[in-house]
Amino acid sequence: MKKHPEDFIKKITEQARPLEKTYYLAEWEAAAEASIEALSRVKDAQAAYIRFWSDPELFQIAKQLNESEKVDDPLLARQLKLIYLTAAQNQQDEATIERLIELESRVRQRYYNYRGRVDGRELSDNEIDDILKASRDSGQVQQVWEASKQVGQQVAEEVREMARLRNTAARAQGFRDHFHRSLFLEEIDEQELLDLFEDLEEQSRKPFAGLKGEIDRALCARFGVPEEDLRPWHYGDRFFQEGPQLGEVDLDSLVANQALEKLAAATYEGIGMDVGAILSRSDLYPRSGKNQHAFCIHIDREGDIRTLNNLQTTHRWAETLLHELGHSVYEQYLDPELPWLLRAPAHTFTTEAVAILMGSLTFDPEWYTRVIGTKEEIARTLAAAALRNDQTKKLIFTRWCLTMTHFERLFYSDPEADLDTTWWDCVERFQLLRRPDARRAPDWAAKIHIALAPVYYHNYELGHLMASQLRKRLTEEDGGIVGRPSAGRWLIDRIFSPGASLDWRALVEKATGEALNPRYFVCSFA
Ligand SMILES: [Zn+2]
């Protein structure tokens with residue numbers, strides 16, 4: 001390989017491009033139908049992709065070029081940096097690559113095909129969530145919650161082995177462990193992140209304790225049990241990451257009888273963005289054998305953008321669809337003139353920020369009147385409830401993020417530890433839940449992110465902070481978001497279009513005039 005920066009970048013681009021496309025297409029097909037063949041295609045494509053980036057020679061050249069000060073052109077310098085970071089993330093020997101891919105594939109198959117069993121009947125995640133949300137029967141929610149955790153036992157040993165392998169690769173590069181390496185190579189300073197999370201823990205402590213008390217009282221009444229009998233299965237979802245709906249207003253009734261696709265298209269049209277092509281390429285409704293989560297994928301960095309959802313006519317799925325389309329429009333409006341390597345969001349959390357911002361419109365009273373067509377006076381009464389719901393969700397999610405991030409840090413610091421206990425220690429500390437009595441099970445492994453999206457969760461929290469900063473800017477300058485093409489224009493010009501030509505710090509500062517900070521996010525619940 002030549003060491004002239006432009007030639008090097010060109011060569012890497014030409015080689016990486018088809019590998020990435022093949023890999024993403026295989027991912028998409030396996031998510032749509034988790035057959036043995038589809039999963040084996042993902043495995044092969046992923047192996048080819050990782051093998052390419054794991055090349056030590058490529059890494060050495062990227063490192064040298066990245067460190068040399070001769071590259072003045074900022075677009076070239078940024079491309080070199082991204083090549084260096086991607087190569088560094090993939091530095092590991094052939095045996096490690098093979099083993100990791102094998103484990104990931106096996107574990108992926110288990111998660112995708114897993115359905116909890118209750119009394120011999122298989123339940124989808126949607127069915128489990130519906131029961132946890134609506135039931136008033138303690139015995140039933142316990143049974144369903146426990147069923148949702150069985151997948152943890154099926155994958156725990158493999159997930160532990162994955163952590164060991166990731167750690168070995170990280171240590172060979174001089175990092176403390178995989179947690180440390182992951183953050184560093186996504187340009188996040190670990191100490192800065194921990195300080196920020198400590199601040200969030202502190203600032204959310206009182207409001208969360210108040211909210212939790214209120215939830216507990218409501219749950220005692222709903223289930224007819226004393227407070228000391230409340231356990232994690234009473235809290236409305238599998239991980240207490242969203243929490244039960246509080247108050248009288250049923251937000252699901254808002255979207256009942258609505259076609260979510262139409263609502264979503266109208267929402268984006270109102271801010272001057274066209275999602276028609278994305279929706280037509282997307283896989284929107286549940287089926288057996290299909291991945292039960294939701295995601296957005298940009299197959300080729302040339303506009304083949306798709307989302308996968310499992311839509312039901314509920315408020316949560318309306319929010320999720322707007323969320324995934326938020327990722328999609330970010331990709332769709334990247335400046336097409338950017339070089340391939342920079343035709344991507346600035347950072348994982350900047351695209352999460354946009355997705356979160358768009359999903360949160362389903363709590364915006366203007367969305368009810370302007371998009372759904374709810375009558376003014378009904379919208380007004382719903383507004384307070386919606387606002388409260390939004391605040392509640394942010395608080396609950398923040399505490400859940402603290403659990404996930406702290407657990408993962410401990411997980412990688414010692415994968416041999418008593419993780420079952422560590423998990424519940426974190427849940428009790430941050431989410432104030434009471435652990436189930438005498439339960440010995442790897443409940444941590446029931447969360448798919450721990451296995452397949454490692455050291456990712458902090459991006460959601462950082463996304464929340466940035467979303468609040470974006471919302472503040474758009475409220476001040478455009479009066480809001482719903483139905484305002486000027487707000488959409490600003491997002492396209494200032495956030496989407498620059499792609500990865502700027503790092504996240506520069507992007508946030510340039511666009512909002514401020515560094516990333518928790519001020520506006522905390523205001524929304526404190
Ligand atoms: Zn997202």
# chains A, B, ... in the order shown; residues from 1 in each chain; ligands from 1
call {"tool": "residues_near_ligand", "arguments": {"ligand": "ligand 1", "cutoff": "10 Å", "atoms": "only C-alpha atoms and all ligand atoms", "output": "ChimeraX atom specification"}}
result
/A:294-296,320,323-328,348-356,359,459-460,463
call {"tool": "write_last_selection", "arguments": {"atoms": "N, CA and C atoms", "output": "PDB file, in the first residue's frame"}}
result
ATOM      1  N   ALA A 294     -36.324  -2.838  16.520  1.00  0.00           N
ATOM      2  CA  ALA A 294     -36.505  -1.865  15.446  1.00  0.00           C
ATOM      3  C   ALA A 294     -35.147  -1.250  15.166  1.00  0.00           C
ATOM      4  N   PHE A 295     -34.846  -1.024  13.892  1.00  0.00           N
ATOM      5  CA  PHE A 295     -33.590  -0.354  13.572  1.00  0.00           C
ATOM      6  C   PHE A 295     -33.662   0.280  12.197  1.00  0.00           C
ATOM      7  N   CYS A 296     -32.651   1.086  11.897  1.00  0.00           N
ATOM      8  CA  CYS A 296     -32.542   1.711  10.579  1.00  0.00           C
ATOM      9  C   CYS A 296     -31.188   1.308  10.026  1.00  0.00           C
ATOM     10  N   THR A 320     -41.591   4.850  18.117  1.00  0.00           N
ATOM     11  CA  THR A 320     -40.473   4.091  17.558  1.00  0.00           C
ATOM     12  C   THR A 320     -40.327   4.336  16.058  1.00  0.00           C
ATOM     13  N   HIS A 323     -38.809   7.576  15.508  1.00  0.00           N
ATOM     14  CA  HIS A 323     -37.405   7.456  15.925  1.00  0.00           C
ATOM     15  C   HIS A 323     -36.555   6.872  14.794  1.00  0.00           C
ATOM     16  N   GLU A 324     -36.978   5.725  14.281  1.00  0.00           N
ATOM     17  CA  GLU A 324     -36.177   5.074  13.231  1.00  0.00           C
ATOM     18  C   GLU A 324     -36.107   5.948  11.982  1.00  0.00           C
ATOM     19  N   LEU A 325     -37.193   6.650  11.684  1.00  0.00           N
ATOM     20  CA  LEU A 325     -37.164   7.541  10.527  1.00  0.00           C
ATOM     21  C   LEU A 325     -36.270   8.756  10.781  1.00  0.00           C
ATOM     22  N   GLY A 326     -36.095   9.115  12.052  1.00  0.00           N
ATOM     23  CA  GLY A 326     -35.145  10.181  12.401  1.00  0.00           C
ATOM     24  C   GLY A 326     -33.732   9.773  11.977  1.00  0.00           C
ATOM     25  N   HIS A 327     -33.359   8.521  12.304  1.00  0.00           N
ATOM     26  CA  HIS A 327     -32.066   8.007  11.820  1.00  0.00           C
ATOM     27  C   HIS A 327     -32.028   8.064  10.290  1.00  0.00           C
ATOM     28  N   SER A 328     -33.154   7.693   9.690  1.00  0.00           N
ATOM     29  CA  SER A 328     -33.204   7.585   8.229  1.00  0.00           C
ATOM     30  C   SER A 328     -33.016   8.926   7.526  1.00  0.00           C
ATOM     31  N   THR A 348     -22.340   8.010  16.583  1.00  0.00           N
ATOM     32  CA  THR A 348     -23.516   7.204  16.920  1.00  0.00           C
ATOM     33  C   THR A 348     -24.532   8.017  17.720  1.00  0.00           C
ATOM     34  N   PHE A 349     -24.046   8.835  18.672  1.00  0.00           N
ATOM     35  CA  PHE A 349     -25.023   9.524  19.512  1.00  0.00           C
ATOM     36  C   PHE A 349     -25.636  10.732  18.821  1.00  0.00           C
ATOM     37  N   THR A 350     -24.992  11.279  17.777  1.00  0.00           N
ATOM     38  CA  THR A 350     -25.638  12.406  17.095  1.00  0.00           C
ATOM     39  C   THR A 350     -26.840  11.914  16.290  1.00  0.00           C
ATOM     40  N   THR A 351     -26.748  10.707  15.750  1.00  0.00           N
ATOM     41  CA  THR A 351     -27.919  10.178  15.048  1.00  0.00           C
ATOM     42  C   THR A 351     -28.974   9.714  16.056  1.00  0.00           C
ATOM     43  N   GLU A 352     -28.537   9.200  17.224  1.00  0.00           N
ATOM     44  CA  GLU A 352     -29.517   8.887  18.279  1.00  0.00           C
ATOM     45  C   GLU A 352     -30.248  10.156  18.700  1.00  0.00           C
ATOM     46  N   ALA A 353     -29.514  11.268  18.782  1.00  0.00           N
ATOM     47  CA  ALA A 353     -30.130  12.540  19.208  1.00  0.00           C
ATOM     48  C   ALA A 353     -31.282  12.920  18.276  1.00  0.00           C
ATOM     49  N   VAL A 354     -31.038  12.819  16.989  1.00  0.00           N
ATOM     50  CA  VAL A 354     -32.067  13.193  16.020  1.00  0.00           C
ATOM     51  C   VAL A 354     -33.249  12.228  16.116  1.00  0.00           C
ATOM     52  N   ALA A 355     -32.943  10.939  16.258  1.00  0.00           N
ATOM     53  CA  ALA A 355     -33.998   9.930  16.371  1.00  0.00           C
ATOM     54  C   ALA A 355     -34.844  10.172  17.627  1.00  0.00           C
ATOM     55  N   ILE A 356     -34.179  10.470  18.729  1.00  0.00           N
ATOM     56  CA  ILE A 356     -34.889  10.725  19.989  1.00  0.00           C
ATOM     57  C   ILE A 356     -35.753  11.980  19.860  1.00  0.00           C
ATOM     58  N   GLY A 359     -38.772  11.079  17.724  1.00  0.00           N
ATOM     59  CA  GLY A 359     -39.696  10.197  18.461  1.00  0.00           C
ATOM     60  C   GLY A 359     -40.468  10.977  19.515  1.00  0.00           C
ATOM     61  N   ASN A 459     -24.539   5.963  24.423  1.00  0.00           N
ATOM     62  CA  ASN A 459     -24.905   6.790  23.267  1.00  0.00           C
ATOM     63  C   ASN A 459     -26.358   7.269  23.333  1.00  0.00           C
ATOM     64  N   TYR A 460     -27.236   6.459  23.913  1.00  0.00           N
ATOM     65  CA  TYR A 460     -28.632   6.890  24.048  1.00  0.00           C
ATOM     66  C   TYR A 460     -28.720   8.086  24.997  1.00  0.00           C
ATOM     67  N   GLY A 463     -27.299  11.035  23.447  1.00  0.00           N
ATOM     68  CA  GLY A 463     -28.291  11.426  22.439  1.00  0.00           C
ATOM     69  C   GLY A 463     -29.405  12.262  23.070  1.00  0.00           C
TER      70      GLY A 463
END
call {"tool": "closest_atom_pairs", "arguments": {"of": "segment 232-347 of chain A", "to": "segment 396-417 of chain A", "cutoff": "12 Å", "atoms": "only C-alpha atoms", "output": "Markdown table"}}
result
| residue | atom | partner | partner_atom | distance |
| --- | --- | --- | --- | --- |
| A:Tyr235 | CA | A:Ile396 | CA | 10.9 |
| A:Gly236 | CA | A:Ile396 | CA | 11.8 |
| A:Asp237 | CA | A:Ile396 | CA | 11.6 |
| A:Arg238 | CA | A:Trp400 | CA | 11.6 |
| A:Phe239 | CA | A:Trp400 | CA | 7.9 |
| A:Phe240 | CA | A:Trp400 | CA | 7.2 |
| A:Gln241 | CA | A:Phe397 | CA | 5.2 |
| A:Glu242 | CA | A:Ile396 | CA | 6.1 |
| A:Gly243 | CA | A:Ile396 | CA | 6.7 |
| A:Pro244 | CA | A:Ile396 | CA | 10.0 |
| A:Gln245 | CA | A:Ile396 | CA | 11.6 |
call {"tool": "write_last_selection", "arguments": {"atoms": "N, CA and C atoms", "output": "PDB file, in the first residue's frame"}}
result
ATOM      1  N   TYR A 235     -43.315  -3.567  36.979  1.00  0.00           N
ATOM      2  CA  TYR A 235     -43.038  -2.199  36.514  1.00  0.00           C
ATOM      3  C   TYR A 235     -43.328  -1.912  35.038  1.00  0.00           C
ATOM      4  N   GLY A 236     -44.092  -2.782  34.400  1.00  0.00           N
ATOM      5  CA  GLY A 236     -44.626  -2.395  33.092  1.00  0.00           C
ATOM      6  C   GLY A 236     -43.811  -2.791  31.870  1.00  0.00           C
ATOM      7  N   ASP A 237     -42.522  -3.101  32.043  1.00  0.00           N
ATOM      8  CA  ASP A 237     -41.761  -3.653  30.913  1.00  0.00           C
ATOM      9  C   ASP A 237     -40.643  -4.527  31.452  1.00  0.00           C
ATOM     10  N   ARG A 238     -39.928  -5.192  30.569  1.00  0.00           N
ATOM     11  CA  ARG A 238     -38.999  -6.235  30.988  1.00  0.00           C
ATOM     12  C   ARG A 238     -37.820  -5.722  31.823  1.00  0.00           C
ATOM     13  N   PHE A 239     -37.446  -4.447  31.616  1.00  0.00           N
ATOM     14  CA  PHE A 239     -36.258  -3.929  32.310  1.00  0.00           C
ATOM     15  C   PHE A 239     -36.520  -2.646  33.104  1.00  0.00           C
ATOM     16  N   PHE A 240     -37.777  -2.228  33.204  1.00  0.00           N
ATOM     17  CA  PHE A 240     -38.105  -0.922  33.794  1.00  0.00           C
ATOM     18  C   PHE A 240     -37.311   0.155  33.066  1.00  0.00           C
ATOM     19  N   GLN A 241     -37.333   0.084  31.742  1.00  0.00           N
ATOM     20  CA  GLN A 241     -36.639   1.106  30.969  1.00  0.00           C
ATOM     21  C   GLN A 241     -37.601   2.168  30.453  1.00  0.00           C
ATOM     22  N   GLU A 242     -38.896   1.859  30.480  1.00  0.00           N
ATOM     23  CA  GLU A 242     -39.892   2.854  30.082  1.00  0.00           C
ATOM     24  C   GLU A 242     -40.837   3.181  31.227  1.00  0.00           C
ATOM     25  N   GLY A 243     -41.174   2.158  31.978  1.00  0.00           N
ATOM     26  CA  GLY A 243     -42.057   2.368  33.115  1.00  0.00           C
ATOM     27  C   GLY A 243     -43.516   2.301  32.729  1.00  0.00           C
ATOM     28  N   PRO A 244     -44.375   2.118  33.745  1.00  0.00           N
ATOM     29  CA  PRO A 244     -45.810   2.027  33.472  1.00  0.00           C
ATOM     30  C   PRO A 244     -46.370   3.401  33.122  1.00  0.00           C
ATOM     31  N   GLN A 245     -47.475   3.424  32.415  1.00  0.00           N
ATOM     32  CA  GLN A 245     -48.113   4.698  32.110  1.00  0.00           C
ATOM     33  C   GLN A 245     -48.823   5.199  33.364  1.00  0.00           C
TER      34      GLN A 245
END
call {"tool": "closest_residue", "arguments": {"among": "A:Ser204, A:Ser138, A:Gln79, A:Asn126", "to": "Gln431 of chain A", "atoms": "only C-alpha atoms"}}
result
A:Ser204
call {"tool": "residues_around", "arguments": {"residues": "segment 257-266 of chain A", "least_positions_apart": "3", "cutoff": "7 Å", "atoms": "only C-alpha atoms", "output": "PyMOL selection string"}}
result
chain A and resi 269-270+275-276+313+318+322+371-372
call {"tool": "select_by_dssp", "arguments": {"residues": "segment 54-130 of chain A", "states": "helix (DSSP H, G or I)", "output": "PyMOL selection string"}}
result
chain A and resi 54+56-67+74-89+94-113+125-130
call {"tool": "closest_residue", "arguments": {"among": "A:Pro18, A:Pro454, A:Pro365, A:Gly174", "to": "Arg160 of chain A", "atoms": "only C-alpha atoms"}}
result
A:Pro454
call {"tool": "atom_distance", "arguments": {"atom1": "atom CA of Met466 of chain A", "atom2": "atom CA of Ala526 of chain A"}}
result
17.0 Å
call {"tool": "residues_around", "arguments": {"residues": "Trp340 of chain A", "least_positions_apart": "6", "cutoff": "12 Å", "atoms": "only C-alpha atoms", "output": "list in words"}}
result
Ile9, Lys10, Lys11, Ile12, Thr13, Glu14, Gln15, Ala16, Arg17, Pro18, Glu20, Leu75, Leu76, Arg78, Gln79, Leu82, Ile83, Asp300, Arg301, Glu302, Gly303, Leu334, Gly499, Ala500 and Ser501 of chain A
call {"tool": "decode", "arguments": {"residues": "segment 244-279 of chain A", "atoms": "N, CA, C and O atoms", "output": "short mmCIF file (atom, residue, chain, number, x, y, z; two decimals), in the first residue's frame"}}
result
data_model
loop_
_atom_site.label_atom_id
_atom_site.label_comp_id
_atom_site.auth_asym_id
_atom_site.auth_seq_id
_atom_site.Cartn_x
_atom_site.Cartn_y
_atom_site.Cartn_z
N PRO A 244 -44.37 2.12 33.74
CA PRO A 244 -45.81 2.03 33.47
C PRO A 244 -46.37 3.40 33.12
O PRO A 244 -45.79 4.41 33.48
N GLN A 245 -47.47 3.42 32.41
CA GLN A 245 -48.11 4.70 32.11
C GLN A 245 -48.82 5.20 33.36
O GLN A 245 -49.51 4.46 34.03
N LEU A 246 -48.61 6.47 33.67
CA LEU A 246 -49.23 7.04 34.87
C LEU A 246 -50.41 7.91 34.48
O LEU A 246 -50.44 8.49 33.40
N GLY A 247 -51.36 8.04 35.40
CA GLY A 247 -52.46 8.97 35.17
C GLY A 247 -53.58 8.34 34.35
O GLY A 247 -53.52 7.20 33.94
N GLU A 248 -54.57 9.18 34.11
CA GLU A 248 -55.81 8.69 33.49
C GLU A 248 -55.71 8.62 31.98
O GLU A 248 -56.39 7.85 31.34
N VAL A 249 -54.89 9.50 31.41
CA VAL A 249 -54.92 9.63 29.95
C VAL A 249 -54.20 8.48 29.27
O VAL A 249 -53.07 8.15 29.59
N ASP A 250 -54.91 7.88 28.34
CA ASP A 250 -54.34 6.75 27.62
C ASP A 250 -53.82 7.24 26.27
O ASP A 250 -54.60 7.54 25.37
N LEU A 251 -52.51 7.35 26.14
CA LEU A 251 -51.95 7.89 24.91
C LEU A 251 -52.19 6.96 23.72
O LEU A 251 -52.23 7.40 22.58
N ASP A 252 -52.36 5.66 24.01
CA ASP A 252 -52.65 4.73 22.91
C ASP A 252 -53.95 5.10 22.18
O ASP A 252 -54.07 4.88 20.98
N SER A 253 -54.91 5.65 22.95
CA SER A 253 -56.20 5.98 22.33
C SER A 253 -56.02 7.06 21.26
O SER A 253 -56.80 7.16 20.32
N LEU A 254 -54.98 7.87 21.41
CA LEU A 254 -54.69 8.92 20.43
C LEU A 254 -54.45 8.38 19.03
O LEU A 254 -54.85 8.97 18.03
N VAL A 255 -53.72 7.29 18.97
CA VAL A 255 -53.33 6.76 17.66
C VAL A 255 -54.21 5.60 17.20
O VAL A 255 -54.03 5.08 16.12
N ALA A 256 -55.18 5.22 18.07
CA ALA A 256 -56.07 4.12 17.68
C ALA A 256 -56.74 4.48 16.36
O ALA A 256 -57.05 5.64 16.11
N ASN A 257 -56.93 3.51 15.51
CA ASN A 257 -57.54 3.71 14.18
C ASN A 257 -56.72 4.58 13.24
O ASN A 257 -57.23 5.08 12.25
N GLN A 258 -55.48 4.82 13.56
CA GLN A 258 -54.63 5.61 12.66
C GLN A 258 -53.65 4.68 11.95
O GLN A 258 -53.23 3.68 12.51
N ALA A 259 -53.31 5.04 10.71
CA ALA A 259 -52.24 4.30 10.03
C ALA A 259 -50.92 4.98 10.41
O ALA A 259 -50.69 6.13 10.05
N LEU A 260 -50.09 4.26 11.15
CA LEU A 260 -48.87 4.90 11.65
C LEU A 260 -47.96 5.38 10.52
O LEU A 260 -47.30 6.40 10.64
N GLU A 261 -47.95 4.63 9.42
CA GLU A 261 -47.11 5.06 8.28
C GLU A 261 -47.53 6.44 7.79
O GLU A 261 -46.69 7.28 7.46
N LYS A 262 -48.85 6.64 7.73
CA LYS A 262 -49.34 7.93 7.22
C LYS A 262 -49.00 9.04 8.20
O LYS A 262 -48.61 10.15 7.79
N LEU A 263 -49.17 8.76 9.48
CA LEU A 263 -48.84 9.77 10.48
C LEU A 263 -47.36 10.15 10.37
O LEU A 263 -46.97 11.31 10.44
N ALA A 264 -46.54 9.13 10.20
CA ALA A 264 -45.09 9.37 10.12
C ALA A 264 -44.75 10.20 8.88
O ALA A 264 -44.01 11.18 8.95
N ALA A 265 -45.35 9.81 7.75
CA ALA A 265 -45.06 10.55 6.51
C ALA A 265 -45.49 12.01 6.65
O ALA A 265 -44.78 12.93 6.25
N ALA A 266 -46.67 12.22 7.27
CA ALA A 266 -47.17 13.59 7.45
C ALA A 266 -46.27 14.40 8.39
O ALA A 266 -46.02 15.59 8.18
N THR A 267 -45.78 13.73 9.43
CA THR A 267 -44.89 14.42 10.38
C THR A 267 -43.66 14.95 9.66
O THR A 267 -43.26 16.10 9.82
N TYR A 268 -43.06 14.09 8.84
CA TYR A 268 -41.83 14.49 8.16
C TYR A 268 -42.11 15.48 7.03
O TYR A 268 -41.33 16.40 6.81
N GLU A 269 -43.24 15.28 6.36
CA GLU A 269 -43.60 16.23 5.30
C GLU A 269 -43.74 17.64 5.90
O GLU A 269 -43.32 18.62 5.28
N GLY A 270 -44.29 17.70 7.09
CA GLY A 270 -44.49 18.99 7.76
C GLY A 270 -43.20 19.74 8.03
O GLY A 270 -43.20 20.96 8.19
N ILE A 271 -42.08 19.04 8.10
CA ILE A 271 -40.80 19.74 8.30
C ILE A 271 -39.96 19.68 7.01
O ILE A 271 -38.75 19.88 7.03
N GLY A 272 -40.64 19.40 5.91
CA GLY A 272 -39.98 19.49 4.61
C GLY A 272 -39.09 18.30 4.28
O GLY A 272 -38.15 18.42 3.50
N MET A 273 -39.39 17.13 4.87
CA MET A 273 -38.58 15.95 4.57
C MET A 273 -39.47 14.84 4.00
O MET A 273 -40.55 14.58 4.52
N ASP A 274 -38.97 14.19 2.96
CA ASP A 274 -39.75 13.16 2.29
C ASP A 274 -39.26 11.77 2.72
O ASP A 274 -38.11 11.41 2.46
N VAL A 275 -40.15 11.01 3.36
CA VAL A 275 -39.74 9.67 3.80
C VAL A 275 -40.43 8.57 2.99
O VAL A 275 -40.35 7.39 3.35
N GLY A 276 -41.08 8.95 1.92
CA GLY A 276 -41.83 7.98 1.11
C GLY A 276 -40.98 6.82 0.64
O GLY A 276 -41.35 5.65 0.80
N ALA A 277 -39.81 7.13 0.07
CA ALA A 277 -38.96 6.07 -0.47
C ALA A 277 -38.44 5.17 0.65
O ALA A 277 -38.36 3.94 0.49
N ILE A 278 -38.13 5.78 1.78
CA ILE A 278 -37.62 4.98 2.92
C ILE A 278 -38.70 4.00 3.39
O ILE A 278 -38.45 2.81 3.58
N LEU A 279 -39.93 4.53 3.55
CA LEU A 279 -41.02 3.67 4.01
C LEU A 279 -41.27 2.52 3.04
O LEU A 279 -41.52 1.39 3.45
#
